Amino acid sequence: MTERFLTGRTALVTGSTSGIGLAIAATLGAAGARVIVHGLGSTEEISHAEQTVRDAGAASAHFLPGDLADPVAIEHLMQQAGPLDILVNNAGIQHTAPIAEMPPAQWDRILAINLSAVFHSMRWALPNMAARGFGRVINVASVHGLVASVQKAPYVAAKHGVIGLSKVAALEYAAHGDRSSGGITINCICPGFVETALIEPQIQSRAAHHGGDRDAGIRDLLGEKQPSLRMALPDDIAALALWLCRREAHNLNGAAIPVDGGWTAA
Ligand code: NAD
């Protein structure tokens, strides 16, 4: 059983109705946190996410809605959530197309959800963390916050922005709290390919070149970029997020940590 070092802590994980966010919410719950589940989804998907986090051992697991494309909805979400010890900005979307064919509405929406929402949520959460001397903001960026790929202009721009924004926040809050309280840290996790619904369209488009063979599509996708040739699992990312919440992580601040099978080592 996981050590329950997050007992008494409250965590909001955006986009935790599926994928990486759900794994992070369950993992923080298993360490004893009260977890606010958030994201889009059907009533069944939302109940399933809440139940998964409760079953993992969370002190509580309740859903709050909020479309992250809308700053007013984010303000409402943050007010409903109340003071947070841990904020995980995980929600994100993707749309792939060359720049000349990228619909401007996709640019606006990806920038709003993948970048601006991180600013809006941190703006609310950080002063409360500073007042109490402990806080963890974990922004799920991407390897695409560190390097580019074709056909991902808004995603790459937004993820590079998240890393820059996180560094500013890290500097502004670095001196709050102390070694025993755990301080305030703001870090980015930068995954390469992780097995979730988000990358399924990319897998399927590769698979189409191999008569619909999904495994061949995955081999194609990874072969170009991820030297380990294996996707990470959402739980792998969650394990790092959990470690960042530890008191001992108080001096790991403003970092962008790749979990990319060697992609950015090249
Ligand atoms: P996912 O599609 O499974 O989950 C995305 C979550 O974001 C869902 O809960 C969804 O409801 C929520 N969401 C989307 N739009 C929203 C909106 N407007 N308002 C509120 N919630 C919204 O995808 P995932 O792969 O788990 O992605 C999670 C994060 O990880 C994203 O930020 C993504 O960019 C990042 N990431 C994923 C990969 C990968 O390979 N899967 C790689 C690098 C980074």
# chains A, B, ... in the order shown; residues from 1 in each chain; ligands from 1
>>> residues_near_ligand(ligand="ligand 1", cutoff="7 Å", atoms="only C-alpha atoms and all ligand atoms", output="VMD selection string")
chain A and resid 14 to 21 38 to 41 66 to 69 90 to 94 113 to 114 140 to 143 190 to 199
>>> residues_around(residues="A:Ile86", least_positions_apart="4", cutoff="6 Å", atoms="only C-alpha atoms", output="count of residues only")
4
>>> atom_distance(atom1="atom CA of A:Trp124", atom2="atom CA of A:Ala26")
23.7 Å
>>> atom_distance(atom1="atom CA of A:Leu244", atom2="atom CA of A:Pro258")
13.6 Å
>>> closest_residue(among="A:Asn128, A:Asn251, A:Thr96, A:Gln51", to="A:Ala81", atoms="only C-alpha atoms")
A:Asn128
>>> residues_around(residues="A:Ser121", least_positions_apart="5", cutoff="9 Å", atoms="only C-alpha atoms", output="list in words")
Ile74, Glu75, Leu77, Met78, Leu87, Asn89, Ser116 and Leu126 of chain A
>>> residues_around(residues="A:Glu248", least_positions_apart="3", cutoff="10 Å", atoms="only C-alpha atoms", output="ChimeraX atom specification")
/A:179-183,243-245,251-252
>>> select_by_dssp(residues="stretch 72-250 of chain A", states="alpha helix (DSSP H)", output="ChimeraX atom specification")
/A:72-81,104-111,117-132,153-173,200-207,214-225,234-244
>>> atom_distance(atom1="atom CA of A:Trp263", atom2="atom CA of A:Gly161")
19.6 Å
>>> residues_around(residues="A:Ala238", least_positions_apart="4", cutoff="8 Å", atoms="only C-alpha atoms", output="PyMOL selection string")
chain A and resi 20+23-24+27+234+242
>>> residues_around(residues="A:Val162", least_positions_apart="3", cutoff="10 Å", atoms="only C-alpha atoms", output="list of chain:residue names")
A:Asn89, A:Leu111, A:Asn114, A:Leu115, A:Ser116, A:Ala117, A:Val118, A:Phe119, A:Asn139, A:Val140, A:Ala141, A:Ser142, A:Gly145, A:Val156, A:Ala157, A:Ala158, A:Lys159, A:Leu165, A:Ser166, A:Lys167, A:Val168, A:Asn187, A:Cys188, A:Ala256
>>> select_by_dssp(residues="stretch 102-257 of chain A", states="strand (DSSP E)", output="PyMOL selection string")
chain A and resi 134-140+183-191+256-257
>>> write_last_selection(atoms="C-alpha atoms", output="PDB file, in the first residue's frame")
ATOM      1  CA  PHE A 134       3.144  24.438   1.078  1.00  0.00           C
ATOM      2  CA  GLY A 135       1.993  23.978  -2.466  1.00  0.00           C
ATOM      3  CA  ARG A 136       2.622  21.870  -5.498  1.00  0.00           C
ATOM      4  CA  VAL A 137       1.690  22.868  -9.027  1.00  0.00           C
ATOM      5  CA  ILE A 138       2.338  20.145 -11.549  1.00  0.00           C
ATOM      6  CA  ASN A 139       1.741  21.161 -15.129  1.00  0.00           C
ATOM      7  CA  VAL A 140       1.483  18.290 -17.556  1.00  0.00           C
ATOM      8  CA  GLY A 183       7.710  25.079   0.165  1.00  0.00           C
ATOM      9  CA  ILE A 184       5.934  25.928  -3.053  1.00  0.00           C
ATOM     10  CA  THR A 185       7.101  24.344  -6.284  1.00  0.00           C
ATOM     11  CA  ILE A 186       5.873  24.623  -9.850  1.00  0.00           C
ATOM     12  CA  ASN A 187       7.167  22.005 -12.271  1.00  0.00           C
ATOM     13  CA  CYS A 188       6.299  20.547 -15.649  1.00  0.00           C
ATOM     14  CA  ILE A 189       6.183  16.893 -16.601  1.00  0.00           C
ATOM     15  CA  CYS A 190       7.006  16.448 -20.282  1.00  0.00           C
ATOM     16  CA  PRO A 191       5.782  13.077 -21.525  1.00  0.00           C
ATOM     17  CA  ALA A 256      10.604  20.571 -17.155  1.00  0.00           C
ATOM     18  CA  ILE A 257      11.116  16.849 -16.628  1.00  0.00           C
TER      19      ILE A 257
END
>>> decode(residues="stretch 67-190 of chain A", atoms="C-alpha atoms", output="PDB file, in the first residue's frame")
ATOM      1  CA  ASP A  67     -14.880  24.220 -19.415  1.00  0.00           C
ATOM      2  CA  LEU A  68     -11.251  25.329 -19.416  1.00  0.00           C
ATOM      3  CA  ALA A  69     -11.758  27.205 -22.680  1.00  0.00           C
ATOM      4  CA  ASP A  70     -13.773  29.738 -20.646  1.00  0.00           C
ATOM      5  CA  PRO A  71     -11.923  31.912 -18.087  1.00  0.00           C
ATOM      6  CA  VAL A  72     -15.182  32.640 -16.245  1.00  0.00           C
ATOM      7  CA  ALA A  73     -15.823  28.912 -15.835  1.00  0.00           C
ATOM      8  CA  ILE A  74     -12.262  28.483 -14.523  1.00  0.00           C
ATOM      9  CA  GLU A  75     -12.818  31.228 -11.958  1.00  0.00           C
ATOM     10  CA  HIS A  76     -15.986  29.471 -10.830  1.00  0.00           C
ATOM     11  CA  LEU A  77     -14.163  26.104 -10.662  1.00  0.00           C
ATOM     12  CA  MET A  78     -11.349  27.560  -8.547  1.00  0.00           C
ATOM     13  CA  GLN A  79     -13.779  29.284  -6.174  1.00  0.00           C
ATOM     14  CA  GLN A  80     -15.757  26.063  -5.745  1.00  0.00           C
ATOM     15  CA  ALA A  81     -12.553  24.084  -5.189  1.00  0.00           C
ATOM     16  CA  GLY A  82     -11.363  26.371  -2.381  1.00  0.00           C
ATOM     17  CA  PRO A  83      -7.754  26.442  -1.093  1.00  0.00           C
ATOM     18  CA  LEU A  84      -5.617  23.760  -2.724  1.00  0.00           C
ATOM     19  CA  ASP A  85      -2.405  22.072  -1.614  1.00  0.00           C
ATOM     20  CA  ILE A  86      -1.861  20.456  -5.003  1.00  0.00           C
ATOM     21  CA  LEU A  87      -2.932  21.721  -8.420  1.00  0.00           C
ATOM     22  CA  VAL A  88      -2.336  19.461 -11.389  1.00  0.00           C
ATOM     23  CA  ASN A  89      -2.971  21.232 -14.689  1.00  0.00           C
ATOM     24  CA  ASN A  90      -3.351  18.186 -16.860  1.00  0.00           C
ATOM     25  CA  ALA A  91      -6.273  18.813 -19.225  1.00  0.00           C
ATOM     26  CA  GLY A  92      -5.259  19.215 -22.834  1.00  0.00           C
ATOM     27  CA  ILE A  93      -6.364  18.747 -26.406  1.00  0.00           C
ATOM     28  CA  GLN A  94      -4.628  18.157 -29.726  1.00  0.00           C
ATOM     29  CA  HIS A  95      -5.346  18.831 -33.387  1.00  0.00           C
ATOM     30  CA  THR A  96      -2.834  17.987 -36.096  1.00  0.00           C
ATOM     31  CA  ALA A  97      -2.565  19.816 -39.441  1.00  0.00           C
ATOM     32  CA  PRO A  98       0.054  21.839 -41.296  1.00  0.00           C
ATOM     33  CA  ILE A  99       0.047  25.543 -40.390  1.00  0.00           C
ATOM     34  CA  ALA A 100      -1.595  26.618 -43.647  1.00  0.00           C
ATOM     35  CA  GLU A 101      -4.433  24.154 -43.066  1.00  0.00           C
ATOM     36  CA  MET A 102      -4.832  24.614 -39.302  1.00  0.00           C
ATOM     37  CA  PRO A 103      -8.301  26.073 -38.617  1.00  0.00           C
ATOM     38  CA  PRO A 104      -7.807  29.347 -36.687  1.00  0.00           C
ATOM     39  CA  ALA A 105     -10.532  28.211 -34.278  1.00  0.00           C
ATOM     40  CA  GLN A 106      -8.350  25.199 -33.358  1.00  0.00           C
ATOM     41  CA  TRP A 107      -5.422  27.508 -32.680  1.00  0.00           C
ATOM     42  CA  ASP A 108      -7.575  29.623 -30.339  1.00  0.00           C
ATOM     43  CA  ARG A 109      -9.082  26.614 -28.560  1.00  0.00           C
ATOM     44  CA  ILE A 110      -5.778  24.761 -28.033  1.00  0.00           C
ATOM     45  CA  LEU A 111      -4.074  27.924 -26.734  1.00  0.00           C
ATOM     46  CA  ALA A 112      -7.033  28.568 -24.403  1.00  0.00           C
ATOM     47  CA  ILE A 113      -7.195  25.060 -22.920  1.00  0.00           C
ATOM     48  CA  ASN A 114      -3.533  23.992 -23.025  1.00  0.00           C
ATOM     49  CA  LEU A 115      -1.959  27.327 -22.028  1.00  0.00           C
ATOM     50  CA  SER A 116      -4.263  30.119 -20.830  1.00  0.00           C
ATOM     51  CA  ALA A 117      -6.157  27.823 -18.453  1.00  0.00           C
ATOM     52  CA  VAL A 118      -2.860  27.091 -16.658  1.00  0.00           C
ATOM     53  CA  PHE A 119      -2.393  30.817 -16.029  1.00  0.00           C
ATOM     54  CA  HIS A 120      -5.991  31.254 -14.858  1.00  0.00           C
ATOM     55  CA  SER A 121      -5.887  28.343 -12.396  1.00  0.00           C
ATOM     56  CA  MET A 122      -2.450  29.242 -10.979  1.00  0.00           C
ATOM     57  CA  ARG A 123      -3.548  32.837 -10.489  1.00  0.00           C
ATOM     58  CA  TRP A 124      -6.177  31.567  -8.055  1.00  0.00           C
ATOM     59  CA  ALA A 125      -4.250  28.747  -6.388  1.00  0.00           C
ATOM     60  CA  LEU A 126      -0.794  30.200  -5.705  1.00  0.00           C
ATOM     61  CA  PRO A 127      -1.634  32.947  -3.158  1.00  0.00           C
ATOM     62  CA  ASN A 128      -3.348  30.382  -0.885  1.00  0.00           C
ATOM     63  CA  MET A 129      -0.394  28.018  -1.182  1.00  0.00           C
ATOM     64  CA  ALA A 130       1.992  30.844  -0.298  1.00  0.00           C
ATOM     65  CA  ALA A 131      -0.062  31.764   2.758  1.00  0.00           C
ATOM     66  CA  ARG A 132       0.248  28.197   4.074  1.00  0.00           C
ATOM     67  CA  GLY A 133       3.881  27.541   3.104  1.00  0.00           C
ATOM     68  CA  PHE A 134       3.144  24.438   1.078  1.00  0.00           C
ATOM     69  CA  GLY A 135       1.993  23.978  -2.466  1.00  0.00           C
ATOM     70  CA  ARG A 136       2.622  21.870  -5.498  1.00  0.00           C
ATOM     71  CA  VAL A 137       1.690  22.868  -9.027  1.00  0.00           C
ATOM     72  CA  ILE A 138       2.338  20.145 -11.549  1.00  0.00           C
ATOM     73  CA  ASN A 139       1.741  21.161 -15.129  1.00  0.00           C
ATOM     74  CA  VAL A 140       1.483  18.290 -17.556  1.00  0.00           C
ATOM     75  CA  ALA A 141       3.255  19.858 -20.528  1.00  0.00           C
ATOM     76  CA  SER A 142       4.780  17.562 -23.139  1.00  0.00           C
ATOM     77  CA  VAL A 143       7.961  16.698 -24.925  1.00  0.00           C
ATOM     78  CA  HIS A 144       6.421  19.211 -27.351  1.00  0.00           C
ATOM     79  CA  GLY A 145       7.151  21.895 -24.780  1.00  0.00           C
ATOM     80  CA  LEU A 146      10.841  21.171 -25.400  1.00  0.00           C
ATOM     81  CA  VAL A 147      11.038  20.306 -29.090  1.00  0.00           C
ATOM     82  CA  ALA A 148       8.777  20.649 -32.115  1.00  0.00           C
ATOM     83  CA  SER A 149       7.118  18.263 -34.545  1.00  0.00           C
ATOM     84  CA  VAL A 150       5.384  19.108 -37.797  1.00  0.00           C
ATOM     85  CA  GLN A 151       1.609  19.598 -37.910  1.00  0.00           C
ATOM     86  CA  LYS A 152       1.322  20.549 -34.242  1.00  0.00           C
ATOM     87  CA  ALA A 153       1.730  24.349 -34.303  1.00  0.00           C
ATOM     88  CA  PRO A 154      -0.819  25.324 -31.635  1.00  0.00           C
ATOM     89  CA  TYR A 155       0.031  22.358 -29.396  1.00  0.00           C
ATOM     90  CA  VAL A 156       3.788  22.997 -29.567  1.00  0.00           C
ATOM     91  CA  ALA A 157       3.309  26.739 -29.029  1.00  0.00           C
ATOM     92  CA  ALA A 158       1.031  26.143 -26.052  1.00  0.00           C
ATOM     93  CA  LYS A 159       3.289  23.545 -24.416  1.00  0.00           C
ATOM     94  CA  HIS A 160       6.412  25.706 -24.848  1.00  0.00           C
ATOM     95  CA  GLY A 161       4.338  28.475 -23.263  1.00  0.00           C
ATOM     96  CA  VAL A 162       3.376  26.297 -20.303  1.00  0.00           C
ATOM     97  CA  ILE A 163       7.039  25.619 -19.546  1.00  0.00           C
ATOM     98  CA  GLY A 164       7.911  29.337 -19.695  1.00  0.00           C
ATOM     99  CA  LEU A 165       4.896  30.267 -17.577  1.00  0.00           C
ATOM    100  CA  SER A 166       5.800  27.606 -14.998  1.00  0.00           C
ATOM    101  CA  LYS A 167       9.341  28.972 -14.711  1.00  0.00           C
ATOM    102  CA  VAL A 168       7.977  32.459 -13.990  1.00  0.00           C
ATOM    103  CA  ALA A 169       5.664  31.063 -11.302  1.00  0.00           C
ATOM    104  CA  ALA A 170       8.517  29.017  -9.820  1.00  0.00           C
ATOM    105  CA  LEU A 171      10.667  32.146  -9.486  1.00  0.00           C
ATOM    106  CA  GLU A 172       7.854  34.231  -8.007  1.00  0.00           C
ATOM    107  CA  TYR A 173       7.006  31.671  -5.298  1.00  0.00           C
ATOM    108  CA  ALA A 174      10.408  30.040  -4.674  1.00  0.00           C
ATOM    109  CA  ALA A 175      11.042  31.703  -1.314  1.00  0.00           C
ATOM    110  CA  HIS A 176       7.686  30.892   0.284  1.00  0.00           C
ATOM    111  CA  GLY A 177       7.546  28.220   2.976  1.00  0.00           C
ATOM    112  CA  ASP A 178      10.656  26.368   4.086  1.00  0.00           C
ATOM    113  CA  ARG A 179      12.364  22.980   4.068  1.00  0.00           C
ATOM    114  CA  SER A 180      10.145  21.553   6.781  1.00  0.00           C
ATOM    115  CA  SER A 181       6.852  22.833   5.339  1.00  0.00           C
ATOM    116  CA  GLY A 182       7.896  21.677   1.863  1.00  0.00           C
ATOM    117  CA  GLY A 183       7.710  25.079   0.165  1.00  0.00           C
ATOM    118  CA  ILE A 184       5.934  25.928  -3.053  1.00  0.00           C
ATOM    119  CA  THR A 185       7.101  24.344  -6.284  1.00  0.00           C
ATOM    120  CA  ILE A 186       5.873  24.623  -9.850  1.00  0.00           C
ATOM    121  CA  ASN A 187       7.167  22.005 -12.271  1.00  0.00           C
ATOM    122  CA  CYS A 188       6.299  20.547 -15.649  1.00  0.00           C
ATOM    123  CA  ILE A 189       6.183  16.893 -16.601  1.00  0.00           C
ATOM    124  CA  CYS A 190       7.006  16.448 -20.282  1.00  0.00           C
TER     125      CYS A 190
END
